[in-house]
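Below is one structure, written out as structure tokens; comments come after it.
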Amino acid sequence: MVRILVLGGSGLVGRFLMPRLVEAGYTVVAPSRNPPMQLDCPGIQWVTLDLGQANAIDELPESDLVVSMMPIWITAKFCAAMNSARPLRVVAFSSTSAVTKSGSVDESERQLSNLLFSGEAELLALAPRVTSTLFRPTMIYGGPDDRNVSRVAAQLRSFRFFPLVARGVGLRQPVHADDLAAAIVQALAASASEGRTYDLSGAEVLSFRSMVERIGTAVGVRPIFVSIPLSVARIALKAVSVLPRVRGIPRESVARMGKDMVFDHGLAKRDFGFTPRGFEPSESL
């Protein structure tokens, strides 16, 4: 059986990916500081390991394949440090945030965009020793801690009302974590995906407002929308940023409610048969 090293396997996409890899016939090695018991099954070897520690990489068994859901700039440094005598095949996650946040007025978001672009370039530059396939997913959902759909659902359950900037007309394409897991397995088997970067989006395009309405239906709440100016929204988000439910939400995210964030996944469909589902928030709540 082919051994595959999975980085970030305990995260949202990893929870769907691990059983898919086992079903596809791979032997999975997954390092984690706290291996999740619910993913403990035959075919998965959890290694209790903090990859941030010095020489941690030396404790991992040699693998021909690597899948990484870690930040792309960390993945690039990890793969560069791997001492393998054999060619290495890698599927790694970046993000469409590389594009959507490149022109943000928020310096931290521009820095994130730069990190994503530089990480992609560093990983691709490791060729031919490392052959990479890069994924740029859109808004990921599919679990109670997805930080996207679940946050909106929590807001609606608690308050029913939802603030909108620019009437929430910006278009979105949420992509389910399980569809991304399927894409990984498909890409590993497709030589056409080697050395390429793919935008991975959901099958359905809908406005931000429609997305919130769909989430409301899933949790049995009819949202009460309140239109507010962008300047007020920024101040309000800053004021409540200390609350656990909104901590970590970028301040400029409110400005993007009126902006389209749509990406074509046609190349992924052509090269390895990527076929995502429509937006189904009930599956993650």
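In the structure tokens, the first chain shown is A, the next is B, and so on; residue numbers restart at 1 for each chain, and ligands run from 1 in the order shown.
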- Message: Which residues are near region 44-55 of chain A? Cut-off 10 Å, only C-alpha atoms, ignore same chain within fewer than 6 positions. Put them as an NGL selection string.
- Response: :A and (3-7 or 9-10 or 18-19 or 21-22 or 26-37 or 61 or 74 or 78 or 81)
- Could you pull the residues within 8 Å of Met139 (chain A), counting only C-alpha atoms, minus those fewer than 2 positions along the same chain, as JSON, numbers by chain? {"A": [137, 141, 148, 172, 173, 174, 175, 201]}
- Residues of region 39-244 of chain A in strand (DSSP E or B) according to DSSP, as a ChimeraX atom specification? /A:44-48,65-68,88-93,130-137,140-141,161-164,171-172,175-176,197-200,206-207,224-227
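Excluding Gly220 (chain A) and any residue on its chain fewer than 2 positions from it, the residues at most 12 Å away by only C-alpha atoms are Ala153, Ala154, Leu156, Arg157, Arg160, Glu213, Arg214, Ile215, Gly216, Thr217, Ala218, Arg222, Pro223, Pro281, Ser282 and Leu285 of chain A.
Straight-line separation from CA of Pro128 (chain A) to CA of Gly25 (chain A): 26.0 Å.
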- If you run DSSP on the backbone, which residues of region 46-281 of chain A are helix (DSSP H, G or I), as a PyMOL selection string? chain A and resi 56-59+72-81+97-100+107-124+149-159+166-168+177-188+191-193+208-219+230-239+251-258+266-272+281
- Item | Spatial neighbours of Lys77 (chain A), 10 Å, only C-alpha atoms, chain gap at least 3 places, as an MDAnalysis selection string | chainID A and resid 72:74 80:82 119 122:123
Store the residues of this selection in a file with all heavy atoms, as an mmCIF file, in the first residue's frame.
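What follows is the written file part-v7.cif:
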```cif
data_model
loop_
_atom_site.group_PDB
_atom_site.id
_atom_site.type_symbol
_atom_site.label_atom_id
_atom_site.label_comp_id
_atom_site.auth_asym_id
_atom_site.auth_seq_id
_atom_site.Cartn_x
_atom_site.Cartn_y
_atom_site.Cartn_z
ATOM 1 N N ILE A 72 -0.026 27.552 3.324
ATOM 2 C CA ILE A 72 0.818 27.204 2.196
ATOM 3 C C ILE A 72 2.277 27.586 2.406
ATOM 4 O O ILE A 72 3.191 26.885 1.963
ATOM 5 C CB ILE A 72 0.265 27.832 0.888
ATOM 6 C CG1 ILE A 72 1.022 27.340 -0.340
ATOM 7 C CG2 ILE A 72 0.284 29.350 0.964
ATOM 8 C CD1 ILE A 72 0.797 25.886 -0.653
ATOM 9 N N TRP A 73 2.539 28.695 3.112
ATOM 10 C CA TRP A 73 3.918 29.117 3.332
ATOM 11 C C TRP A 73 4.633 28.164 4.301
ATOM 12 O O TRP A 73 5.835 27.959 4.191
ATOM 13 C CB TRP A 73 3.992 30.552 3.824
ATOM 14 C CG TRP A 73 3.215 30.853 5.077
ATOM 15 C CD1 TRP A 73 3.665 30.805 6.366
ATOM 16 C CD2 TRP A 73 1.841 31.249 5.155
ATOM 17 N NE1 TRP A 73 2.665 31.140 7.245
ATOM 18 C CE2 TRP A 73 1.536 31.427 6.529
ATOM 19 C CE3 TRP A 73 0.850 31.481 4.200
ATOM 20 C CZ2 TRP A 73 0.259 31.813 6.972
ATOM 21 C CZ3 TRP A 73 -0.413 31.874 4.646
ATOM 22 C CH2 TRP A 73 -0.695 32.037 6.004
ATOM 23 N N ILE A 74 3.874 27.552 5.218
ATOM 24 C CA ILE A 74 4.452 26.551 6.115
ATOM 25 C C ILE A 74 4.684 25.248 5.347
ATOM 26 O O ILE A 74 5.710 24.575 5.508
ATOM 27 C CB ILE A 74 3.540 26.316 7.331
ATOM 28 C CG1 ILE A 74 3.445 27.605 8.162
ATOM 29 C CG2 ILE A 74 4.058 25.161 8.186
ATOM 30 C CD1 ILE A 74 2.521 27.489 9.356
ATOM 31 N N ALA A 80 10.465 21.741 1.580
ATOM 32 C CA ALA A 80 11.858 22.067 1.260
ATOM 33 C C ALA A 80 12.805 21.376 2.231
ATOM 34 O O ALA A 80 13.928 21.002 1.864
ATOM 35 C CB ALA A 80 12.056 23.576 1.312
ATOM 36 N N ALA A 81 12.351 21.177 3.482
ATOM 37 C CA ALA A 81 13.207 20.577 4.509
ATOM 38 C C ALA A 81 13.174 19.059 4.494
ATOM 39 O O ALA A 81 14.029 18.416 5.120
ATOM 40 C CB ALA A 81 12.786 21.078 5.892
ATOM 41 N N MET A 82 12.191 18.468 3.806
ATOM 42 C CA MET A 82 12.095 17.010 3.780
ATOM 43 C C MET A 82 13.292 16.407 3.059
ATOM 44 O O MET A 82 13.617 16.789 1.931
ATOM 45 C CB MET A 82 10.798 16.562 3.098
ATOM 46 C CG MET A 82 9.558 16.799 3.919
ATOM 47 S SD MET A 82 8.076 16.033 3.197
ATOM 48 C CE MET A 82 8.400 14.294 3.537
ATOM 49 N N GLY A 119 4.106 31.721 -0.716
ATOM 50 C CA GLY A 119 4.128 30.308 -0.373
ATOM 51 C C GLY A 119 3.885 29.426 -1.577
ATOM 52 O O GLY A 119 4.546 28.386 -1.762
ATOM 53 N N GLU A 122 7.074 29.470 -3.676
ATOM 54 C CA GLU A 122 8.151 28.693 -3.055
ATOM 55 C C GLU A 122 7.933 27.196 -3.255
ATOM 56 O O GLU A 122 8.880 26.451 -3.522
ATOM 57 C CB GLU A 122 8.235 29.016 -1.562
ATOM 58 C CG GLU A 122 8.790 30.398 -1.252
ATOM 59 C CD GLU A 122 8.729 30.710 0.234
ATOM 60 O OE1 GLU A 122 8.652 29.751 1.035
ATOM 61 O OE2 GLU A 122 8.755 31.901 0.594
ATOM 62 N N LEU A 123 6.693 26.755 -3.120
ATOM 63 C CA LEU A 123 6.416 25.332 -3.274
ATOM 64 C C LEU A 123 6.601 24.888 -4.721
ATOM 65 O O LEU A 123 7.221 23.849 -4.994
ATOM 66 C CB LEU A 123 4.993 25.026 -2.796
ATOM 67 C CG LEU A 123 4.589 23.549 -2.726
ATOM 68 C CD1 LEU A 123 5.570 22.751 -1.859
ATOM 69 C CD2 LEU A 123 3.177 23.398 -2.184
#
```
- Task: Please provide the set of residues having any atom within 8 Å of Ser94 (chain A), restricted to only C-alpha atoms, with same-chain residues fewer than 4 positions apart removed, written as number ranges by chain.
- Result: A: 71-72, 98, 116, 120, 134-137
